[in-house]
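Peer 1: Supplied in structure tokens, the structure appears directly below.
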Amino acid sequence: MNEMIPPKAERSAALKGLGTSRKRVEDARFTQGKGNFIDDLKLPGMLFGDFVRSPYPHAYVKSINTDAALAVPGVVAVLTAADLEPLGLHWMPTLAGDKQMVLADGKVLFQGQEVAFVVASDRYVAADAVELVEVDYEELPALVDPFKAEIKGAPILREDIADNLEGAHGARRHPNHIFTWESGEKEQTEAAIGEAEIVAEEMIYYHRTHPCPLETCGAVASMDKVNGKLTLHGTFQAPHAVRTVASLISGIAEHNIRVISPDIGGGFGNKVGVYPGYVCSIVASIVTGKPVKWIEDRIENLTSTAFARDYWMQGKISATKEGKITGLWCHTTADHGAFDACADPTKFPAGFMNICTGSYDIPTAYLCVDGIYTNKAPGGVAYRCSFRVTEAAYFIERMIEMLAIKLKMDAAELRRINFIKKEQFPYQSALGWEYDSGDYHTAWEKALEAVNYTELRKEQTQRLEDFKAGATRSLMGIGLCHFTEIVGAGPVKNCDILGLGMFDSCEIRIHPTGSAIARLGTISQGQGHATTFAQILASEIGIPADDITLEEGDTDTAPYGLGTYGSRSTPVAGAATAMAGRKIRAKAQMIAAYLLEVHDDDVEWDVDRFAVKGAPERFKTMKEIAFASYSQEIPGVEPGLEAVSYYDPPNMTYPFGAYICVMDINVDTGIADIRTFYALDDCGTRINPMIIEGQVHGGLTEAFAISMGQELAYDDMGNVKTGSLMDFFIPTSWETPNYITDFTTTPSPHHPIGAKGVGESPNVGGVPAFSNAVHDAFRSFGLTQSHMPHDHWRIWKIANDLGLHDK
Amino acid sequence: MIPAAFNYHRPDTIEGAVKLINEFGDEARVVAGGHSLIPMMKLRMTGLSHLVDLQGIGGLKGISVDGDTITIGAMTTQHELIVHKQLSSRAPIIAEAALQIADPQVRYVGTIGGNVANGDPGNDMPGLMQCLDAIYSLQGPSGQRSVPARTFYEAAYFTEREEDEILTSISFQATGGGYAYEKQKRKIGDYATAAAGVLIEKDGDKCSAASIALTNLADTPIYCEAAVAALVGTALDPGDVGAAVKAAVDASDPSEDNRGPIEFKKHIAGVVIRCAIERAIERA
């Protein structure tokens, strides 16, 4: 026994566990260009696939002639829907209970839709042959505006289901209508609003945009005809779900399919869905017996794989004269594009849009969402947010601002009056959620004080006077936002995707010399799982994070899980990691007690060891325990030290935050300079503060892009107007504002380590803060609502419409 | 983003390059920095069988100052324009404009010759060259000729240059007085929503000479003769500046795109032109 036991704090620091700003272990690889992304994969004899895509938003496909393409030396095959039909793969199921064409089956429904798949021995040959496939189209009128979907004479998009008036989510009232989803109390809410002293009403559009990850989508399918096994490498945010879906639709037994997600260069929801490129690669590999690679280019990514948002939200909010909210009503028209390929838990066709009561104690509320088909690309994924939560947060935070205008009240004060109070948690929302924890007032006061809110308002008043006096052409906007997220989907009782419960998992093996490997059902796309999950484990089992390898993404080795999106990794897989760690520790306790010749209950955990109670000099470190578990007989205990945990969360977690944006807007140029952006996040227990800060910076920058310029725009004919990074706004470091980050800590009461998830909060809270700042600058001139993105010309138009330019 | 097959040529003399484009006709194009042409090839929006790279021709690079005459070889990069000390003192508007083109990576490769010869209305150098009243040297099969920048541009991507000619150099007179190149864009790397180059010389309190040209406000750059006339001989009072701004805006003819509608662009044109004139006056 060593009497020189290092102090607790020193041993604890050596673990680099919870709360440590441990450097990202992934970065040594990524910063040296040594990552292993899908397009880095080269298999012997690999073929390359490329798509013929529709130039038309809506057309019949009369015929496809592949002769000239097949005649090109090096072209191996050209697949069309007719080739996939015998396999039953010309259509595929979507995650939302709809089905989607893999290749055009008689018609095309959006510009960029996949029509034929050319397979060639060389990437260049494949592209050459794509140009030689002759497709005879008969153009049809395009439906672009969802509000015109059900008018008389509207073109019918989905002729395949035109007569089917019962969809995956209940009755359909028109061939272009997908579903109606309701939440809350309609009559009660309408009565409350009808009787109210003050009502604000507005249409709020959260425009269509796209997650646009740095790496586009891609796959390499490899069918081994000798052993009958299919290996599918690809950009999958949920590799296990892809394996199960691939098995169900292809008929290949699940044990014969191995799905591998390599390093992924950003997902943000774009890599949740199943795309025609994956299916065509698999079929092409089965047909040719060779590996087949398919990689999207940027234009294909923006125009054909999953978009985000596109919610038209008609809202009413009512209050007393004193500003106490009495009711909230929302009708959303959701533009889903040509197929309902939203990635939501199956029972939630509009995701968690019913978190739209936000951070406020609203006694009654009603939400109705109508999903509509249009001639646009399918998608509707959660772009760095939990399902439709950013739409919900934008809606309520705009409605609060509108109500403040009606009440002639300061919007910070209005929020203060209506926040759910700390003592009300767990809080039952009017739309059915149980908020686990929160302390909104504390966060709010801290934020207002940090930016010196009172002084800012005085400065704004002075600026306004100067503007009116002609001394400046700049207005000042103060954008407030207090958001509540709902993440960590989710409890198996109400959350599933295609019937697969949304639990997650972790499996841990401790090696004889006291290091370890942990495997999870999730997959990092840049979140830094290899860094942070090792930290959770280090604190749980007393092995340094540096001695723990973390592996994800290979379905042959990782335990089953539902993947990484919707800020679910820390709330669900992080919990599984802690629980598996606790199983390890429980076994280690028995081994330690045996080695120390005392009863199990007579040893206690001490950072990285078990020690005899009252005799701390008698201990066994985890290293010693690990070795003993492999090297000696311990009566009543199996050899080895391993554990697996499948975690079904009892509830969602509810991260929240208080964001304040200050900007100066030149009314003549429409240029908005972000002067200050303050972001306070409460994500419960903080695992790695440095990674949290990085996540907040990244999410805020996406929020800045979305609110200030980024959009996936279509013209009236259904043509994509922003199909490249020339027009689709991705800010550079030059445009990106500086951020001030801050935090409060309100641990989740039901999560094993109290963590809530943070990656998506800044996108959810950032968009309303930026947008509210723009609106706030023009509030005194009578502006109520102007739709995003707030690019130069739209800001200029606000000023112009308000008569702020000389005529 | 996969181009069709093409043949690659790298001649080491201008005569050799001219011979190649003469031989292959409209199936050949010369490439300088390639920042316009290569993306068009990758998008398969231009089909050509022969790419004639000018990188191997030594004589096309470099900046020379002979008295008041400045000559810039077509293959000189934007970056070289920015860091050239003599150029920055004799015609500082060049560096000011070049710094607003794209980003450093593009500027290390993109050339002044490619920028002015392509005829893309979004490029900044054509307007700037009209502002400087530059002369372009073109080399064809029958020898060399000179064309003023102010008459070079006919329509978007259509210029005075014949298909078998290569733009080899640009020359202009060193500037005195004040200058400004003002550009509004959506982000780094974007083309201008509106941009204006202005030169102003003063003799005592009076404006003795001026030049104003616009970028991306029509399908060609615009030299604003009426706006210049509104300034020369005046005391550059606010009223004179206002008249020049109005004349320049009237000369613009922008089209709607993702940057905004025509009404907005005309308004922004007014803002950037005024800003450029006022800054040039301050520096004069």
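By order of appearance in the structure tokens: chains A, B, ..., then residues from 1 within every chain, and ligands from 1 in the order shown.
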Show me which bits of chain B are within 7 Å of chain A, counting only C-alpha atoms, as a short mmCIF file (atom, residue, chain, number, x, y, z; two decimals) with C-alpha atoms, in the first residue's frame.
Peer 2:
```
data_model
loop_
_atom_site.label_atom_id
_atom_site.label_comp_id
_atom_site.auth_asym_id
_atom_site.auth_seq_id
_atom_site.Cartn_x
_atom_site.Cartn_y
_atom_site.Cartn_z
CA MET B 1 -18.73 19.65 -61.49
CA ILE B 2 -16.87 17.27 -63.79
CA ALA B 4 -15.75 17.21 -70.42
CA LYS B 187 -20.14 38.90 -48.70
CA ILE B 188 -16.46 38.37 -49.33
CA ASP B 190 -19.31 38.15 -54.12
CA ASN B 258 -30.59 37.52 -56.14
CA ARG B 259 -28.95 40.71 -54.90
CA GLY B 260 -32.24 42.53 -55.33
CA PHE B 264 -32.91 48.73 -54.97
CA ILE B 268 -27.45 51.47 -53.95
#
```
Peer 1: Any idea what's packed within 8 Å of region 68-84 of chain B, counting only C-alpha atoms, ignoring anything in its chain fewer than 6 positions away? Could you give it as a PDB file with all heavy atoms, in the first residue's frame?
Peer 2:
```pdb
ATOM      1  N   ALA B  32      -6.211  32.183 -68.476  1.00  0.00           N
ATOM      2  CA  ALA B  32      -5.220  32.949 -67.709  1.00  0.00           C
ATOM      3  C   ALA B  32      -5.240  32.399 -66.283  1.00  0.00           C
ATOM      4  O   ALA B  32      -4.672  31.347 -66.016  1.00  0.00           O
ATOM      5  CB  ALA B  32      -5.556  34.430 -67.777  1.00  0.00           C
ATOM      6  N   GLY B  33      -5.959  33.054 -65.358  1.00  0.00           N
ATOM      7  CA  GLY B  33      -6.069  32.513 -63.997  1.00  0.00           C
ATOM      8  C   GLY B  33      -7.092  31.386 -63.914  1.00  0.00           C
ATOM      9  O   GLY B  33      -7.017  30.524 -63.052  1.00  0.00           O
ATOM     10  N   LEU B  54      -1.816  30.317 -70.775  1.00  0.00           N
ATOM     11  CA  LEU B  54      -0.837  31.384 -71.024  1.00  0.00           C
ATOM     12  C   LEU B  54       0.251  31.454 -69.947  1.00  0.00           C
ATOM     13  O   LEU B  54       1.134  32.315 -70.018  1.00  0.00           O
ATOM     14  CB  LEU B  54      -1.556  32.740 -71.124  1.00  0.00           C
ATOM     15  CG  LEU B  54      -2.651  32.845 -72.202  1.00  0.00           C
ATOM     16  CD1 LEU B  54      -3.270  34.242 -72.195  1.00  0.00           C
ATOM     17  CD2 LEU B  54      -2.102  32.516 -73.590  1.00  0.00           C
ATOM     18  N   GLN B  55       0.194  30.559 -68.957  1.00  0.00           N
ATOM     19  CA  GLN B  55       1.150  30.622 -67.836  1.00  0.00           C
ATOM     20  C   GLN B  55       2.611  30.513 -68.285  1.00  0.00           C
ATOM     21  O   GLN B  55       3.500  31.035 -67.617  1.00  0.00           O
ATOM     22  CB  GLN B  55       0.897  29.477 -66.837  1.00  0.00           C
ATOM     23  CG  GLN B  55      -0.478  29.427 -66.220  1.00  0.00           C
ATOM     24  CD  GLN B  55      -0.662  30.395 -65.075  1.00  0.00           C
ATOM     25  OE1 GLN B  55       0.299  30.996 -64.606  1.00  0.00           O
ATOM     26  NE2 GLN B  55      -1.893  30.549 -64.650  1.00  0.00           N
ATOM     27  N   GLY B  59       6.748  36.780 -71.082  1.00  0.00           N
ATOM     28  CA  GLY B  59       6.594  38.200 -71.393  1.00  0.00           C
ATOM     29  C   GLY B  59       5.254  38.796 -71.018  1.00  0.00           C
ATOM     30  O   GLY B  59       5.060  40.009 -71.123  1.00  0.00           O
ATOM     31  N   LEU B  60       4.311  37.988 -70.580  1.00  0.00           N
ATOM     32  CA  LEU B  60       2.969  38.510 -70.289  1.00  0.00           C
ATOM     33  C   LEU B  60       2.806  38.971 -68.851  1.00  0.00           C
ATOM     34  O   LEU B  60       1.747  39.428 -68.463  1.00  0.00           O
ATOM     35  CB  LEU B  60       1.917  37.438 -70.606  1.00  0.00           C
ATOM     36  CG  LEU B  60       1.673  37.159 -72.082  1.00  0.00           C
ATOM     37  CD1 LEU B  60       0.598  36.096 -72.253  1.00  0.00           C
ATOM     38  CD2 LEU B  60       1.265  38.433 -72.827  1.00  0.00           C
ATOM     39  N   LYS B  61       3.852  38.807 -68.060  1.00  0.00           N
ATOM     40  CA  LYS B  61       3.733  39.112 -66.634  1.00  0.00           C
ATOM     41  C   LYS B  61       4.535  40.359 -66.307  1.00  0.00           C
ATOM     42  O   LYS B  61       5.571  40.606 -66.919  1.00  0.00           O
ATOM     43  CB  LYS B  61       4.313  37.933 -65.834  1.00  0.00           C
ATOM     44  CG  LYS B  61       3.347  37.341 -64.806  1.00  0.00           C
ATOM     45  CD  LYS B  61       4.040  36.197 -64.109  1.00  0.00           C
ATOM     46  CE  LYS B  61       3.251  35.430 -63.100  1.00  0.00           C
ATOM     47  NZ  LYS B  61       1.984  35.801 -62.633  1.00  0.00           N
ATOM     48  N   GLY B  62       4.058  41.125 -65.335  1.00  0.00           N
ATOM     49  CA  GLY B  62       4.885  42.212 -64.829  1.00  0.00           C
ATOM     50  C   GLY B  62       4.285  43.595 -64.993  1.00  0.00           C
ATOM     51  O   GLY B  62       3.376  43.803 -65.796  1.00  0.00           O
ATOM     52  N   ILE B  94      -5.855  51.209 -58.063  1.00  0.00           N
ATOM     53  CA  ILE B  94      -5.763  49.804 -58.498  1.00  0.00           C
ATOM     54  C   ILE B  94      -5.766  48.872 -57.287  1.00  0.00           C
ATOM     55  O   ILE B  94      -6.527  47.909 -57.230  1.00  0.00           O
ATOM     56  CB  ILE B  94      -4.472  49.572 -59.309  1.00  0.00           C
ATOM     57  CG1 ILE B  94      -4.486  50.435 -60.563  1.00  0.00           C
ATOM     58  CG2 ILE B  94      -4.302  48.081 -59.615  1.00  0.00           C
ATOM     59  CD1 ILE B  94      -4.832  49.742 -61.830  1.00  0.00           C
ATOM     60  N   ALA B  95      -4.888  49.167 -56.324  1.00  0.00           N
ATOM     61  CA  ALA B  95      -4.816  48.290 -55.142  1.00  0.00           C
ATOM     62  C   ALA B  95      -6.116  48.360 -54.350  1.00  0.00           C
ATOM     63  O   ALA B  95      -6.603  47.351 -53.830  1.00  0.00           O
ATOM     64  CB  ALA B  95      -3.632  48.668 -54.276  1.00  0.00           C
ATOM     65  N   GLU B  96      -6.696  49.566 -54.255  1.00  0.00           N
ATOM     66  CA  GLU B  96      -7.941  49.708 -53.502  1.00  0.00           C
ATOM     67  C   GLU B  96      -9.042  48.830 -54.111  1.00  0.00           C
ATOM     68  O   GLU B  96      -9.800  48.182 -53.394  1.00  0.00           O
ATOM     69  CB  GLU B  96      -8.383  51.177 -53.481  1.00  0.00           C
ATOM     70  CG  GLU B  96      -9.722  51.375 -52.776  1.00  0.00           C
ATOM     71  CD  GLU B  96      -9.928  52.800 -52.275  1.00  0.00           C
ATOM     72  OE1 GLU B  96      -9.080  53.278 -51.513  1.00  0.00           O
ATOM     73  OE2 GLU B  96     -10.936  53.419 -52.666  1.00  0.00           O
ATOM     74  N   ALA B  98      -8.479  46.168 -56.247  1.00  0.00           N
ATOM     75  CA  ALA B  98      -8.076  44.754 -56.286  1.00  0.00           C
ATOM     76  C   ALA B  98      -8.314  44.085 -54.940  1.00  0.00           C
ATOM     77  O   ALA B  98      -8.655  42.908 -54.877  1.00  0.00           O
ATOM     78  CB  ALA B  98      -6.612  44.633 -56.698  1.00  0.00           C
ATOM     79  N   LEU B  99      -8.151  44.844 -53.863  1.00  0.00           N
ATOM     80  CA  LEU B  99      -8.390  44.283 -52.531  1.00  0.00           C
ATOM     81  C   LEU B  99      -9.857  43.933 -52.303  1.00  0.00           C
ATOM     82  O   LEU B  99     -10.190  43.212 -51.372  1.00  0.00           O
ATOM     83  CB  LEU B  99      -7.925  45.271 -51.453  1.00  0.00           C
ATOM     84  CG  LEU B  99      -6.446  45.170 -51.085  1.00  0.00           C
ATOM     85  CD1 LEU B  99      -6.018  46.379 -50.275  1.00  0.00           C
ATOM     86  CD2 LEU B  99      -6.159  43.890 -50.307  1.00  0.00           C
ATOM     87  N   PRO B 104      -8.190  36.316 -50.804  1.00  0.00           N
ATOM     88  CA  PRO B 104      -6.750  36.176 -51.095  1.00  0.00           C
ATOM     89  C   PRO B 104      -6.426  34.978 -51.991  1.00  0.00           C
ATOM     90  O   PRO B 104      -5.573  35.094 -52.889  1.00  0.00           O
ATOM     91  CB  PRO B 104      -6.130  36.018 -49.711  1.00  0.00           C
ATOM     92  CG  PRO B 104      -7.059  36.745 -48.798  1.00  0.00           C
ATOM     93  CD  PRO B 104      -8.433  36.517 -49.367  1.00  0.00           C
ATOM     94  N   ARG B 107      -7.109  35.862 -55.454  1.00  0.00           N
ATOM     95  CA  ARG B 107      -6.239  36.935 -55.948  1.00  0.00           C
ATOM     96  C   ARG B 107      -4.811  36.468 -56.233  1.00  0.00           C
ATOM     97  O   ARG B 107      -4.090  37.103 -56.985  1.00  0.00           O
ATOM     98  CB  ARG B 107      -6.235  38.094 -54.945  1.00  0.00           C
ATOM     99  CG  ARG B 107      -7.603  38.750 -54.782  1.00  0.00           C
ATOM    100  CD  ARG B 107      -7.522  40.112 -54.133  1.00  0.00           C
ATOM    101  NE  ARG B 107      -7.078  40.078 -52.766  1.00  0.00           N
ATOM    102  CZ  ARG B 107      -7.887  40.182 -51.694  1.00  0.00           C
ATOM    103  NH1 ARG B 107      -9.195  40.296 -51.864  1.00  0.00           N
ATOM    104  NH2 ARG B 107      -7.390  40.159 -50.477  1.00  0.00           N
ATOM    105  N   TYR B 108      -4.408  35.359 -55.622  1.00  0.00           N
ATOM    106  CA  TYR B 108      -3.080  34.815 -55.928  1.00  0.00           C
ATOM    107  C   TYR B 108      -3.020  34.228 -57.335  1.00  0.00           C
ATOM    108  O   TYR B 108      -1.958  34.068 -57.904  1.00  0.00           O
ATOM    109  CB  TYR B 108      -2.700  33.710 -54.942  1.00  0.00           C
ATOM    110  CG  TYR B 108      -2.326  34.202 -53.561  1.00  0.00           C
ATOM    111  CD1 TYR B 108      -2.866  33.622 -52.419  1.00  0.00           C
ATOM    112  CD2 TYR B 108      -1.405  35.245 -53.403  1.00  0.00           C
ATOM    113  CE1 TYR B 108      -2.532  34.073 -51.154  1.00  0.00           C
ATOM    114  CE2 TYR B 108      -1.068  35.699 -52.141  1.00  0.00           C
ATOM    115  CZ  TYR B 108      -1.634  35.117 -51.017  1.00  0.00           C
ATOM    116  OH  TYR B 108      -1.295  35.566 -49.772  1.00  0.00           O
ATOM    117  N   VAL B 109      -4.172  33.879 -57.880  1.00  0.00           N
ATOM    118  CA  VAL B 109      -4.207  33.182 -59.172  1.00  0.00           C
ATOM    119  C   VAL B 109      -4.903  34.016 -60.257  1.00  0.00           C
ATOM    120  O   VAL B 109      -4.502  34.019 -61.406  1.00  0.00           O
ATOM    121  CB  VAL B 109      -4.903  31.804 -59.015  1.00  0.00           C
ATOM    122  CG1 VAL B 109      -4.949  31.079 -60.343  1.00  0.00           C
ATOM    123  CG2 VAL B 109      -4.171  30.956 -57.970  1.00  0.00           C
ATOM    124  N   GLY B 110      -5.954  34.735 -59.863  1.00  0.00           N
ATOM    125  CA  GLY B 110      -6.714  35.514 -60.841  1.00  0.00           C
ATOM    126  C   GLY B 110      -5.861  36.643 -61.418  1.00  0.00           C
ATOM    127  O   GLY B 110      -5.111  37.302 -60.706  1.00  0.00           O
ATOM    128  N   THR B 111      -6.003  36.874 -62.738  1.00  0.00           N
ATOM    129  CA  THR B 111      -5.153  37.866 -63.402  1.00  0.00           C
ATOM    130  C   THR B 111      -5.955  39.083 -63.865  1.00  0.00           C
ATOM    131  O   THR B 111      -7.174  39.002 -64.068  1.00  0.00           O
ATOM    132  CB  THR B 111      -4.499  37.258 -64.654  1.00  0.00           C
ATOM    133  OG1 THR B 111      -5.544  36.952 -65.590  1.00  0.00           O
ATOM    134  CG2 THR B 111      -3.716  36.001 -64.313  1.00  0.00           C
ATOM    135  N   ILE B 112      -5.243  40.153 -64.072  1.00  0.00           N
ATOM    136  CA  ILE B 112      -5.910  41.367 -64.568  1.00  0.00           C
ATOM    137  C   ILE B 112      -6.373  41.168 -66.014  1.00  0.00           C
ATOM    138  O   ILE B 112      -7.456  41.618 -66.398  1.00  0.00           O
ATOM    139  CB  ILE B 112      -4.996  42.608 -64.412  1.00  0.00           C
ATOM    140  CG1 ILE B 112      -5.779  43.872 -64.751  1.00  0.00           C
ATOM    141  CG2 ILE B 112      -3.727  42.505 -65.262  1.00  0.00           C
ATOM    142  CD1 ILE B 112      -5.081  45.164 -64.352  1.00  0.00           C
ATOM    143  N   GLY B 113      -5.577  40.450 -66.788  1.00  0.00           N
ATOM    144  CA  GLY B 113      -5.939  40.243 -68.196  1.00  0.00           C
ATOM    145  C   GLY B 113      -7.210  39.419 -68.332  1.00  0.00           C
ATOM    146  O   GLY B 113      -8.108  39.752 -69.106  1.00  0.00           O
ATOM    147  N   GLY B 114      -7.279  38.336 -67.566  1.00  0.00           N
ATOM    148  CA  GLY B 114      -8.482  37.507 -67.599  1.00  0.00           C
ATOM    149  C   GLY B 114      -9.681  38.295 -67.133  1.00  0.00           C
ATOM    150  O   GLY B 114     -10.773  38.209 -67.705  1.00  0.00           O
ATOM    151  N   LEU B 167      -5.486  39.255 -75.436  1.00  0.00           N
ATOM    152  CA  LEU B 167      -5.193  40.516 -74.756  1.00  0.00           C
ATOM    153  C   LEU B 167      -3.865  40.348 -74.020  1.00  0.00           C
ATOM    154  O   LEU B 167      -3.741  39.464 -73.172  1.00  0.00           O
ATOM    155  CB  LEU B 167      -6.324  40.864 -73.786  1.00  0.00           C
ATOM    156  CG  LEU B 167      -6.317  42.270 -73.201  1.00  0.00           C
ATOM    157  CD1 LEU B 167      -7.732  42.740 -72.946  1.00  0.00           C
ATOM    158  CD2 LEU B 167      -5.506  42.344 -71.911  1.00  0.00           C
ATOM    159  N   THR B 168      -2.865  41.132 -74.378  1.00  0.00           N
ATOM    160  CA  THR B 168      -1.517  40.906 -73.837  1.00  0.00           C
ATOM    161  C   THR B 168      -1.119  41.893 -72.752  1.00  0.00           C
ATOM    162  O   THR B 168      -0.369  41.541 -71.850  1.00  0.00           O
ATOM    163  CB  THR B 168      -0.466  40.989 -74.965  1.00  0.00           C
ATOM    164  OG1 THR B 168      -0.626  42.248 -75.638  1.00  0.00           O
ATOM    165  CG2 THR B 168      -0.639  39.843 -75.945  1.00  0.00           C
ATOM    166  N   SER B 169      -1.571  43.131 -72.853  1.00  0.00           N
ATOM    167  CA  SER B 169      -1.202  44.095 -71.808  1.00  0.00           C
ATOM    168  C   SER B 169      -2.193  45.249 -71.752  1.00  0.00           C
ATOM    169  O   SER B 169      -3.017  45.434 -72.660  1.00  0.00           O
ATOM    170  CB  SER B 169       0.215  44.633 -72.043  1.00  0.00           C
ATOM    171  OG  SER B 169       0.209  45.454 -73.197  1.00  0.00           O
ATOM    172  N   ILE B 170      -2.062  45.997 -70.670  1.00  0.00           N
ATOM    173  CA  ILE B 170      -2.952  47.127 -70.390  1.00  0.00           C
ATOM    174  C   ILE B 170      -2.061  48.303 -70.039  1.00  0.00           C
ATOM    175  O   ILE B 170      -1.113  48.139 -69.253  1.00  0.00           O
ATOM    176  CB  ILE B 170      -3.848  46.773 -69.191  1.00  0.00           C
ATOM    177  CG1 ILE B 170      -4.785  45.612 -69.550  1.00  0.00           C
ATOM    178  CG2 ILE B 170      -4.641  47.983 -68.713  1.00  0.00           C
ATOM    179  CD1 ILE B 170      -5.279  44.870 -68.351  1.00  0.00           C
ATOM    180  N   SER B 171      -2.346  49.457 -70.610  1.00  0.00           N
ATOM    181  CA  SER B 171      -1.552  50.621 -70.199  1.00  0.00           C
ATOM    182  C   SER B 171      -2.456  51.820 -69.935  1.00  0.00           C
ATOM    183  O   SER B 171      -3.556  51.934 -70.494  1.00  0.00           O
ATOM    184  CB  SER B 171      -0.495  50.953 -71.245  1.00  0.00           C
ATOM    185  OG  SER B 171      -1.137  51.259 -72.460  1.00  0.00           O
ATOM    186  N   PHE B 172      -1.993  52.669 -69.043  1.00  0.00           N
ATOM    187  CA  PHE B 172      -2.762  53.865 -68.685  1.00  0.00           C
ATOM    188  C   PHE B 172      -1.802  54.870 -68.057  1.00  0.00           C
ATOM    189  O   PHE B 172      -0.649  54.537 -67.754  1.00  0.00           O
ATOM    190  CB  PHE B 172      -3.902  53.519 -67.727  1.00  0.00           C
ATOM    191  CG  PHE B 172      -3.470  52.742 -66.522  1.00  0.00           C
ATOM    192  CD1 PHE B 172      -3.023  53.389 -65.374  1.00  0.00           C
ATOM    193  CD2 PHE B 172      -3.490  51.355 -66.535  1.00  0.00           C
ATOM    194  CE1 PHE B 172      -2.613  52.665 -64.276  1.00  0.00           C
ATOM    195  CE2 PHE B 172      -3.080  50.626 -65.434  1.00  0.00           C
ATOM    196  CZ  PHE B 172      -2.638  51.280 -64.300  1.00  0.00           C
ATOM    197  N   GLN B 173      -2.286  56.090 -67.877  1.00  0.00           N
ATOM    198  CA  GLN B 173      -1.463  57.153 -67.310  1.00  0.00           C
ATOM    199  C   GLN B 173      -1.582  57.134 -65.785  1.00  0.00           C
ATOM    200  O   GLN B 173      -2.649  56.878 -65.233  1.00  0.00           O
ATOM    201  CB  GLN B 173      -1.915  58.519 -67.836  1.00  0.00           C
ATOM    202  CG  GLN B 173      -1.761  58.662 -69.346  1.00  0.00           C
ATOM    203  CD  GLN B 173      -0.326  58.448 -69.794  1.00  0.00           C
ATOM    204  OE1 GLN B 173       0.579  59.191 -69.392  1.00  0.00           O
ATOM    205  NE2 GLN B 173      -0.083  57.414 -70.600  1.00  0.00           N
ATOM    206  N   ALA B 174      -0.459  57.398 -65.113  1.00  0.00           N
ATOM    207  CA  ALA B 174      -0.477  57.504 -63.650  1.00  0.00           C
ATOM    208  C   ALA B 174      -1.489  58.576 -63.248  1.00  0.00           C
ATOM    209  O   ALA B 174      -1.748  59.523 -63.997  1.00  0.00           O
ATOM    210  CB  ALA B 174       0.904  57.872 -63.132  1.00  0.00           C
TER     211      ALA B 174
END
```
Peer 1: Please provide as JSON, numbers by chain all residues within 6 Å of region 308-325 of chain A, with the sequence filter that same-chain residues fewer than 6 positions apart are discarded (counting only C-alpha atoms).
Peer 2: {"A": [193, 196, 197, 198, 199, 200, 201, 202, 203, 204, 205, 206, 207, 208, 209, 210, 331, 332, 333, 334, 335, 380, 381, 383]}
Peer 1: To test your reading of the structure, identify every residue in region 531-603 of chain A that backbone DSSP assigns to strand (DSSP E or B), and report it as a list in words.
Peer 2: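 Matching residues for strand (DSSP E or B) in region 531-603 of chain A are Ile548, Thr549, Leu550, Glu551, Glu552, Asp554 and Val603 of chain A.
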Peer 1: Write a file of the selected residues as a CSV table (one decimal), in the first residue's frame, keeping N, CA, C and O atoms.
Peer 2:
```csv
chain,number,residue,atom,x,y,z
A,548,ILE,N,-9.1,6.2,-23.0
A,548,ILE,CA,-10.3,5.5,-23.5
A,548,ILE,C,-10.5,5.9,-25.0
A,548,ILE,O,-10.6,7.0,-25.4
A,549,THR,N,-10.6,4.8,-25.8
A,549,THR,CA,-10.9,5.0,-27.2
A,549,THR,C,-12.4,5.0,-27.4
A,549,THR,O,-13.1,4.2,-26.7
A,550,LEU,N,-12.9,5.8,-28.2
A,550,LEU,CA,-14.3,5.9,-28.5
A,550,LEU,C,-14.5,5.6,-30.0
A,550,LEU,O,-13.9,6.2,-30.8
A,551,GLU,N,-15.4,4.6,-30.2
A,551,GLU,CA,-15.7,4.2,-31.6
A,551,GLU,C,-17.2,4.3,-31.9
A,551,GLU,O,-18.0,4.0,-31.0
A,552,GLU,N,-17.5,4.8,-33.1
A,552,GLU,CA,-18.9,4.9,-33.5
A,552,GLU,C,-19.0,4.5,-35.0
A,552,GLU,O,-18.0,4.6,-35.7
A,554,ASP,N,-19.9,1.9,-37.0
A,554,ASP,CA,-19.8,0.6,-37.7
A,554,ASP,C,-20.8,-0.3,-37.0
A,554,ASP,O,-20.7,-0.7,-35.9
A,603,VAL,N,-16.3,-1.0,1.1
A,603,VAL,CA,-15.5,-0.2,0.2
A,603,VAL,C,-16.3,1.0,-0.3
A,603,VAL,O,-17.5,0.9,-0.5
```
Peer 1: Interatomic distance between CA of Gly33 (chain A) and CA of Thr531 (chain A)?
Peer 2: 18.7 Å
Peer 1: For each of A:Leu328, A:Ala28, A:Leu500, A:Ala238, take the minimum atom-to-atom distance to Pro363 (chain A), counting only C-alpha atoms, then give the residue where this is smallest.
Peer 2: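 The closest residue to Pro363 (chain A) is A:Leu328.
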